[in-house]
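As provided, coords33.txt (compact mmCIF, C-alpha atoms) reads as follows.
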```txt
# COMPACT_ATOMS: atom_id res chain seq x y z
CA MET A 1 260.71 94.27 67.33
CA ASP A 2 258.60 93.33 70.36
CA ARG A 3 259.95 89.77 70.15
CA ILE A 4 263.56 90.97 69.84
CA ARG A 5 263.09 93.55 72.64
CA GLY A 6 261.72 90.78 74.87
CA GLU A 7 265.00 88.86 74.50
CA PHE A 8 266.96 91.71 76.07
CA ILE A 9 264.54 93.51 78.42
CA ASP A 10 264.36 91.65 81.69
CA ILE A 11 262.72 94.34 83.86
CA ILE A 12 258.96 94.13 84.34
CA GLU A 13 257.44 97.33 85.80
CA TRP A 14 254.68 99.91 85.33
CA THR A 15 254.73 103.63 85.94
CA ASP A 16 251.18 104.94 85.81
CA ASP A 17 251.00 108.12 83.71
CA GLY A 18 247.24 108.54 84.14
CA ARG A 19 244.76 108.89 86.96
CA ASP A 20 241.99 106.56 85.85
CA THR A 21 243.70 103.17 85.17
CA ILE A 22 242.91 100.45 87.71
CA VAL A 23 244.45 97.40 85.97
CA TRP A 24 247.19 97.36 83.30
CA ARG A 25 248.56 94.26 81.57
CA PHE A 26 252.30 94.18 80.92
CA PRO A 27 252.82 93.88 77.13
CA ARG A 28 255.24 91.13 76.05
CA HIS A 29 255.37 89.35 72.68
CA GLY A 30 253.95 85.90 73.09
CA ASN A 31 253.73 86.50 76.85
CA GLU A 32 257.26 85.06 77.11
CA ILE A 33 259.10 86.12 80.26
CA LYS A 34 262.67 84.96 80.91
CA MET A 35 263.52 83.20 84.10
CA GLY A 36 265.66 85.56 86.18
CA ALA A 37 263.87 88.74 85.04
CA ARG A 38 263.46 91.58 87.52
CA LEU A 39 259.94 92.46 88.69
CA VAL A 40 259.47 95.94 90.21
CA VAL A 41 256.23 96.56 92.07
CA ARG A 42 255.86 100.10 93.39
CA GLU A 43 253.84 101.38 96.32
CA SER A 44 250.07 101.52 95.61
CA GLN A 45 250.51 98.56 93.20
CA VAL A 46 250.34 94.79 93.22
CA ALA A 47 251.41 92.45 90.41
CA VAL A 48 249.39 89.38 89.49
CA PHE A 49 250.74 86.51 87.34
CA VAL A 50 248.18 84.58 85.31
CA ASN A 51 249.28 81.30 83.70
CA GLU A 52 247.07 79.77 81.02
CA GLY A 53 243.99 81.44 82.42
CA ARG A 54 244.73 80.54 86.06
CA LEU A 55 245.82 83.04 88.68
CA ALA A 56 249.29 81.98 89.81
CA ASP A 57 251.13 84.47 92.05
CA VAL A 58 250.37 87.88 93.60
CA TYR A 59 253.32 90.17 94.44
CA GLN A 60 253.14 93.06 96.93
CA PRO A 61 255.31 96.23 96.57
CA GLY A 62 259.00 95.40 96.24
CA THR A 63 261.65 94.13 93.77
CA TYR A 64 261.77 90.46 92.87
CA THR A 65 264.00 88.18 90.79
CA LEU A 66 261.76 85.74 88.97
CA SER A 67 263.03 82.31 89.88
CA THR A 68 261.62 79.09 91.21
CA GLN A 69 262.28 80.31 94.74
CA ASN A 70 260.26 83.54 94.24
CA MET A 71 257.52 81.93 92.10
CA PRO A 72 256.24 79.01 94.17
CA VAL A 73 252.79 78.69 92.64
CA LEU A 74 253.87 79.30 89.06
CA SER A 75 256.82 76.89 89.47
CA THR A 76 254.43 74.21 90.65
CA LEU A 77 252.13 74.83 87.69
CA LYS A 78 255.05 74.70 85.22
CA GLY A 79 256.66 71.66 86.84
CA TRP A 80 260.18 73.15 87.00
CA LYS A 81 262.40 70.78 88.89
CA TYR A 82 265.90 71.98 88.09
CA GLY A 83 265.47 75.76 87.97
CA PHE A 84 267.28 76.24 84.67
CA GLU A 85 266.82 79.67 83.13
CA SER A 86 264.36 79.48 80.28
CA PRO A 87 261.47 81.61 79.02
CA PHE A 88 258.01 80.88 80.37
CA LYS A 89 254.62 82.09 79.21
CA ALA A 90 252.60 84.13 81.69
CA GLU A 91 250.51 87.30 81.78
CA VAL A 92 251.43 89.98 84.28
CA TYR A 93 248.71 92.38 85.48
CA PHE A 94 249.54 95.44 87.53
CA VAL A 95 246.65 96.49 89.81
CA THR A 96 246.47 99.96 91.39
CA THR A 97 245.60 99.84 95.10
CA ARG A 98 245.47 103.58 95.76
CA GLN A 99 242.17 105.39 96.31
CA PHE A 100 240.30 106.76 93.29
CA THR A 101 238.57 109.89 94.59
CA ASP A 102 237.03 111.30 91.41
CA PHE A 103 233.83 109.26 91.45
CA LYS A 104 230.59 111.26 91.47
CA TRP A 105 227.09 110.04 92.18
CA GLY A 106 223.56 111.46 92.10
CA THR A 107 219.95 110.34 92.13
CA GLN A 108 218.48 110.46 88.65
CA ASN A 109 214.99 109.93 90.09
CA PRO A 110 213.82 111.14 93.54
CA VAL A 111 213.84 108.78 96.50
CA ILE A 112 210.54 108.64 98.44
CA LEU A 113 210.88 108.77 102.22
CA ARG A 114 208.33 108.75 105.04
CA ASP A 115 208.95 111.65 107.41
CA ALA A 116 207.20 112.01 110.76
CA GLU A 117 206.64 115.75 110.26
CA PHE A 118 206.06 116.19 106.51
CA GLY A 119 204.66 112.76 105.63
CA MET A 120 205.81 111.24 102.33
CA VAL A 121 208.60 113.35 100.85
CA ARG A 122 210.58 113.04 97.62
CA VAL A 123 214.28 113.83 98.07
CA ARG A 124 217.22 114.04 95.72
CA ALA A 125 220.90 113.84 96.66
CA PHE A 126 224.33 113.99 95.10
CA GLY A 127 227.95 113.79 96.19
CA THR A 128 231.27 112.01 95.68
CA PHE A 129 232.92 108.82 96.86
CA ALA A 130 236.27 107.05 96.77
CA ALA A 131 236.93 103.47 95.66
CA LYS A 132 239.90 101.24 96.32
CA VAL A 133 241.00 97.75 95.29
CA VAL A 134 241.56 95.56 98.36
CA ASP A 135 241.62 92.14 96.67
CA ALA A 136 243.35 92.13 93.25
CA ALA A 137 242.67 88.45 92.61
CA ALA A 138 238.91 88.89 93.19
CA LEU A 139 238.88 91.96 90.94
CA LEU A 140 240.53 90.04 88.08
CA ARG A 141 238.14 87.13 88.47
CA GLU A 142 234.91 89.12 88.80
CA LEU A 143 235.32 92.30 86.74
CA VAL A 144 238.53 92.58 84.72
CA GLY A 145 238.85 89.22 83.00
CA THR A 146 241.29 89.59 80.09
CA ASP A 147 240.90 93.36 79.67
CA PRO A 148 244.42 94.74 79.04
CA GLN A 149 243.54 98.15 80.51
CA PHE A 150 240.69 98.40 83.01
CA ARG A 151 239.66 102.02 83.77
CA THR A 152 237.48 103.70 86.36
CA GLU A 153 234.79 104.50 83.81
CA GLU A 154 234.16 100.78 83.32
CA VAL A 155 233.19 100.26 86.95
CA GLY A 156 231.90 103.74 87.81
CA GLU A 157 228.39 103.25 86.46
CA HIS A 158 228.03 99.95 88.31
CA LEU A 159 229.04 101.65 91.56
CA ARG A 160 226.64 104.57 91.01
CA GLN A 161 223.69 102.23 90.42
CA LEU A 162 224.57 100.32 93.56
CA ILE A 163 224.73 103.56 95.57
CA VAL A 164 221.27 104.68 94.43
CA SER A 165 219.82 101.28 95.35
CA LYS A 166 221.29 101.56 98.86
CA LEU A 167 220.55 105.26 99.42
CA GLY A 168 216.81 104.91 100.01
CA SER A 169 217.19 102.13 102.57
CA ALA A 170 220.01 104.00 104.33
CA LEU A 171 217.99 107.22 104.64
CA GLY A 172 214.82 105.38 105.61
CA SER A 173 216.49 103.21 108.26
CA SER A 174 218.47 106.09 109.76
CA GLY A 175 215.38 107.46 111.53
CA VAL A 176 216.63 111.02 111.02
CA PRO A 177 213.90 113.69 110.48
CA LEU A 178 214.03 115.58 107.22
CA LEU A 179 215.07 118.84 108.88
CA ASP A 180 218.02 117.10 110.59
CA LEU A 181 219.44 115.34 107.52
CA ALA A 182 221.96 118.12 106.88
CA ALA A 183 223.42 117.71 110.38
CA ARG A 184 223.64 113.93 110.03
CA GLN A 185 225.09 113.69 106.51
CA ASP A 186 228.50 112.52 107.76
CA GLY A 187 227.00 109.69 109.79
CA ILE A 188 224.76 108.60 106.92
CA GLY A 189 227.78 108.72 104.58
CA ARG A 190 229.78 106.40 106.82
CA GLN A 191 226.81 104.06 107.08
CA LEU A 192 226.53 103.93 103.28
CA ALA A 193 230.29 103.38 102.88
CA ASP A 194 230.15 100.33 105.16
CA ALA A 195 227.07 98.93 103.40
CA LEU A 196 228.62 99.40 99.94
CA THR A 197 231.94 97.85 100.99
CA GLN A 198 230.15 94.80 102.30
CA GLU A 199 228.15 94.55 99.07
CA LEU A 200 231.31 94.78 96.94
CA THR A 201 233.35 92.21 98.91
CA SER A 202 233.11 89.62 96.14
CA THR A 203 234.58 92.06 93.57
CA GLY A 204 237.58 93.06 95.69
CA ILE A 205 236.55 96.75 95.81
CA ALA A 206 236.01 98.81 98.98
CA ILE A 207 234.41 102.24 99.48
CA PRO A 208 236.60 103.95 102.12
CA ARG A 209 234.99 107.40 101.73
CA PHE A 210 231.45 108.42 100.90
CA TYR A 211 230.33 112.06 100.89
CA ILE A 212 226.82 113.50 100.66
CA GLU A 213 227.16 117.05 99.38
CA ASN A 214 223.49 117.97 99.28
CA ILE A 215 220.03 116.56 99.98
CA SER A 216 217.26 118.55 98.31
CA VAL A 217 213.46 118.43 98.52
CA PRO A 218 210.73 119.58 96.09
CA PRO A 219 209.96 123.34 95.86
CA GLU A 220 206.68 123.02 97.77
CA ILE A 221 208.48 121.46 100.75
CA GLU A 222 211.09 124.22 100.60
CA ALA A 223 208.29 126.82 100.63
CA ALA A 224 206.71 125.18 103.69
CA ILE A 225 210.07 125.16 105.48
CA ASP A 226 210.64 128.85 104.60
CA THR A 227 207.17 129.76 105.93
CA ARG A 228 207.81 127.93 109.18
CA SER A 229 211.20 129.66 109.50
CA ARG A 230 209.63 133.11 109.04
CA MET A 231 207.03 132.33 111.69
CA ALA A 232 209.73 131.19 114.10
CA ILE A 233 211.79 134.33 113.45
CA THR A 234 208.77 136.63 113.84
CA GLY A 235 207.76 135.05 117.15
CA ASN A 236 204.96 137.03 118.87
CA LEU A 237 202.99 138.76 116.11
CA ASP A 238 201.72 141.45 118.51
CA ASP A 239 205.27 142.38 119.55
CA TYR A 240 206.31 142.30 115.90
CA ALA A 241 203.51 144.75 114.97
CA LYS A 242 204.52 147.08 117.84
CA LEU A 243 208.12 146.99 116.68
CA GLN A 244 207.09 147.80 113.09
CA ALA A 245 204.99 150.72 114.33
CA ALA A 246 207.85 152.03 116.47
CA ASP A 247 210.25 151.82 113.54
CA ALA A 248 207.80 153.75 111.36
CA ILE A 249 207.66 156.78 113.72
CA PRO A 250 211.12 158.17 112.79
CA LEU A 251 210.32 157.63 109.12
CA ALA A 252 207.09 159.60 109.48
CA ALA A 253 208.88 162.41 111.31
CA ALA A 254 211.53 162.58 108.59
CA ASN A 255 208.83 162.91 105.88
CA PRO A 256 206.51 165.72 107.05
CA GLY A 257 204.61 165.82 103.78
CA THR A 258 201.21 164.36 103.07
CA GLY A 259 202.52 160.84 102.91
CA GLY A 260 204.43 161.31 106.18
CA ASP A 261 201.37 162.83 107.90
CA ALA A 262 199.20 159.94 106.76
CA LEU A 263 201.81 157.47 107.88
CA GLY A 264 202.11 159.21 111.25
CA LEU A 265 198.33 159.28 111.63
CA GLY A 266 198.12 155.57 110.84
CA VAL A 267 200.93 154.76 113.23
CA GLY A 268 199.32 156.89 115.95
CA MET A 269 195.98 155.17 115.49
CA ALA A 270 197.65 151.76 115.54
CA LEU A 271 199.53 152.64 118.74
CA GLY A 272 196.36 154.03 120.30
CA GLN A 273 194.49 150.85 119.51
CA ARG A 274 197.35 148.81 120.97
CA VAL A 275 197.28 150.89 124.18
CA VAL A 276 193.50 150.60 124.51
CA GLN A 277 193.64 146.87 123.89
CA SER A 278 196.45 146.55 126.40
CA MET A 279 194.52 148.54 129.03
CA SER A 280 191.35 146.59 128.32
CA GLY A 281 193.22 143.37 128.63
CA THR A 282 194.78 144.56 131.90
CA ALA A 283 191.43 145.62 133.31
CA ALA A 284 189.81 142.41 132.23
CA SER A 285 192.60 140.36 133.73
CA SER A 286 192.37 142.39 136.98
CA ALA A 287 188.61 141.91 137.09
CA ALA A 288 189.03 138.23 136.45
CA ALA A 289 191.71 138.00 139.12
CA THR A 290 189.62 139.89 141.77
CA PRO A 291 186.69 137.78 143.00
CA GLU A 292 183.30 139.52 143.16
CA PRO A 293 182.08 139.95 146.76
CA PRO A 294 178.92 138.04 147.60
CA ARG A 295 175.70 140.06 147.38
CA PRO A 296 173.62 140.35 150.54
CA ALA A 297 170.31 138.54 150.56
CA PRO A 298 167.27 140.87 150.18
CA ALA A 299 165.50 141.69 153.42
CA ALA A 300 162.03 140.26 153.91
CA ASP A 301 160.38 143.68 154.79
CA VAL A 302 161.66 145.57 151.73
CA PRO A 303 158.81 146.12 149.20
CA PRO A 304 159.30 145.41 145.55
CA PRO A 305 159.86 148.32 143.13
CA LEU A 306 156.83 150.37 142.07
CA PRO A 307 155.17 149.41 138.79
CA THR A 308 155.91 151.57 135.78
CA ALA A 309 153.00 153.73 134.64
CA PRO A 310 151.85 153.18 131.06
CA ARG A 311 152.83 155.74 128.45
CA TRP A 312 150.07 156.92 126.08
CA PHE A 313 150.24 158.37 122.57
CA LEU A 314 147.42 160.46 120.96
CA ALA A 315 146.51 161.12 117.34
CA VAL A 316 145.59 164.85 117.23
CA ALA A 317 144.84 166.48 113.89
CA GLY A 318 146.51 163.59 112.06
CA ARG A 319 149.75 163.86 114.04
CA GLN A 320 151.19 161.70 116.83
CA GLN A 321 151.63 163.37 120.22
CA GLY A 322 153.00 161.99 123.48
CA PRO A 323 153.91 160.06 125.37
CA TYR A 324 151.68 161.05 128.29
CA ASP A 325 151.11 159.47 131.65
CA GLU A 326 147.62 159.29 133.20
CA SER A 327 147.94 162.64 134.96
CA ALA A 328 148.93 164.31 131.70
CA LEU A 329 145.98 162.68 129.91
CA ALA A 330 143.57 164.58 132.25
CA GLY A 331 145.09 167.83 131.01
CA GLN A 332 144.64 166.70 127.41
CA VAL A 333 140.94 166.02 128.17
CA ALA A 334 140.58 169.51 129.59
CA ALA A 335 142.31 170.98 126.55
CA GLY A 336 139.96 169.13 124.22
CA ASN A 337 142.70 167.06 122.60
CA LEU A 338 141.36 163.81 124.09
CA ASN A 339 137.72 162.85 123.64
CA ARG A 340 135.84 159.65 123.07
CA THR A 341 136.74 159.41 119.35
CA THR A 342 140.46 160.29 119.70
CA LEU A 343 142.74 157.46 118.57
CA VAL A 344 145.09 156.32 121.35
CA TRP A 345 147.90 153.71 121.66
CA ARG A 346 150.17 152.34 124.38
CA SER A 347 152.61 149.48 124.65
CA GLY A 348 150.81 146.15 124.41
CA GLN A 349 148.08 147.29 121.95
CA ALA A 350 148.00 145.69 118.54
CA ALA A 351 146.79 148.92 116.80
CA TRP A 352 145.43 152.41 117.41
CA GLN A 353 141.92 152.41 119.02
CA PRO A 354 139.28 155.10 119.83
CA ALA A 355 139.57 156.23 123.44
CA ASP A 356 136.04 155.09 124.39
CA GLN A 357 137.04 151.48 123.47
CA VAL A 358 139.94 151.39 125.94
CA PRO A 359 138.74 150.36 129.44
CA GLU A 360 141.67 152.09 131.21
CA LEU A 361 140.46 155.54 129.93
CA ALA A 362 136.77 155.13 130.90
CA SER A 363 137.18 157.07 134.15
CA LEU A 364 138.79 160.01 132.34
CA LEU A 365 136.07 160.19 129.71
CA ALA A 366 133.13 159.84 132.13
CA ASP A 367 132.42 163.60 132.09
CA VAL A 368 133.16 164.06 128.40
CA PRO A 369 129.90 164.35 126.42
CA PRO A 370 129.52 162.40 123.21
CA PRO A 371 129.65 164.25 119.89
CA LEU A 372 126.65 166.45 119.07
CA PRO A 373 124.04 164.89 116.79
CA PRO A 374 123.82 166.34 113.33
CA GLN A 375 121.66 169.54 113.19
CA GLY A 376 118.64 169.81 110.80
```

Render the structure in this file as structure tokens.
Amino acid sequence: MDRIRGEFIDIIEWTDDGRDTIVWRFPRHGNEIKMGARLVVRESQVAVFVNEGRLADVYQPGTYTLSTQNMPVLSTLKGWKYGFESPFKAEVYFVTTRQFTDFKWGTQNPVILRDAEFGMVRVRAFGTFAAKVVDAAALLRELVGTDPQFRTEEVGEHLRQLIVSKLGSALGSSGVPLLDLAARQDGIGRQLADALTQELTSTGIAIPRFYIENISVPPEIEAAIDTRSRMAITGNLDDYAKLQAADAIPLAAANPGTGGDALGLGVGMALGQRVVQSMSGTAASSAAATPEPPRPAPAADVPPPLPTAPRWFLAVAGRQQGPYDESALAGQVAAGNLNRTTLVWRSGQAAWQPADQVPELASLLADVPPPLPPQG
């Protein structure tokens, strides 16, 4: 039936009913196409004739009558000289030239970057990209071959591997800090699209659009970024503590119970400490700002301060009494509390000593008789 249908059907066309076919080969029994057949190439398509394994003619969108005038290369290959209508053997491939926008990419393993602020960082990324055929002949030679139906899934994995290999160098050479990558994703995407298109020139495929949807970092880097953000939002910690204390006052007033009283007491103490610290800081800053006046030089006829009189302690009846100065010691002699055997001590002595062994007390004890001798 295919052979019989080929004798009557003289229209060669392709209406794509899917969204993932890049190349489709026109089916014809024995690849026999009649001279004078009509070739219809729609927008976003090109038609490629292959004769005995060699690429013959490429047709852009339009309607053509297959004749020696419209088939210059194939006519030369076949050696037609008279243009008589007869079947010829050739394969017709329709190639889609529209953009395929359903490609997705992602880093299976993290990419290691060197960041000026965080050091070596592992990042992951994912997104989408679009691919388009710009050279149908190169695509047939390099990737399609004799495949009757070449789909996006057959080239998608190759493109994803190529993207991952280029992603690290693109991010590293961009010189963008880690915290600014989100703001520069569009520029990095365009840079990657140009690099990938140049790499795929030999296959006839271009990458007109490349999108980076997200660039993520490990959890520990995210925690460090969150900590730095909280510190930046808090700002001055002293002002933040004052604000927290001020906010707590209405809450304490609204809860007059034990918990509210304790909270109010704590807030009051905290505010009092803040006020004292503020006043101390103000006084200190004022004192530091005001220079101390120079002290006058001491006059030559002013005597030095009087020496401090020694202070004496007595051991009377096993108890320590004092301190006494020298005038008070005379009264203790008269009262009988100080005699030659009384233990005394003053600053500078290593231990308690009897009064008659201290040279400073000799004048006071001059009229004190020694103890009576034992009576028979």

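Closest approach to A:Ala116 from the set A:Thr342, A:Leu179, A:Arg209, A:Ser202 is made by A:Leu179, with distances taken over only C-alpha atoms.
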
Counting only C-alpha atoms, what is within 7 Å of stretch 30-42 of chain A, bar same-chain residues fewer than 6 positions away, as a PyMOL selection string?
-> chain A and resi 10-13+60-67+85-91

Which residue gives the smallest distance to A:Trp105 among A:Asn337, A:Thr201, A:Ser327, A:Asn214, with only C-alpha atoms counted?
-> A:Asn214

Close residues, A:Thr341 itself excluded, 10 Å, all atoms listed in the file, min 4 positions apart in chain, as a VMD selection string = chain A and resid 353 to 357 370 to 371

Mind listing as a ChimeraX atom specification all residues within 9 Å of (240.2, 98.0, 98.6), counting all atoms listed in the file?
-> /A:97-99,131-136,197,201,204-208

With 3 Å of padding per side, what axis-aligned box (centre and edge lengths, Å, one decimal) covers all the listed atoms of stretch 141-159 of chain A? Give it as AutoDock Vina command-line options.
```
--center_x 236.2 --center_y 95.8 --center_z 85.3 --size_x 22.4 --size_y 23.4 --size_z 18.5
```

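Remark: for A:Phe150, the closest of the candidate residues A:Thr227, A:Asn51, A:Glu43, A:Val95 is A:Val95 (distances computed over only C-alpha atoms).
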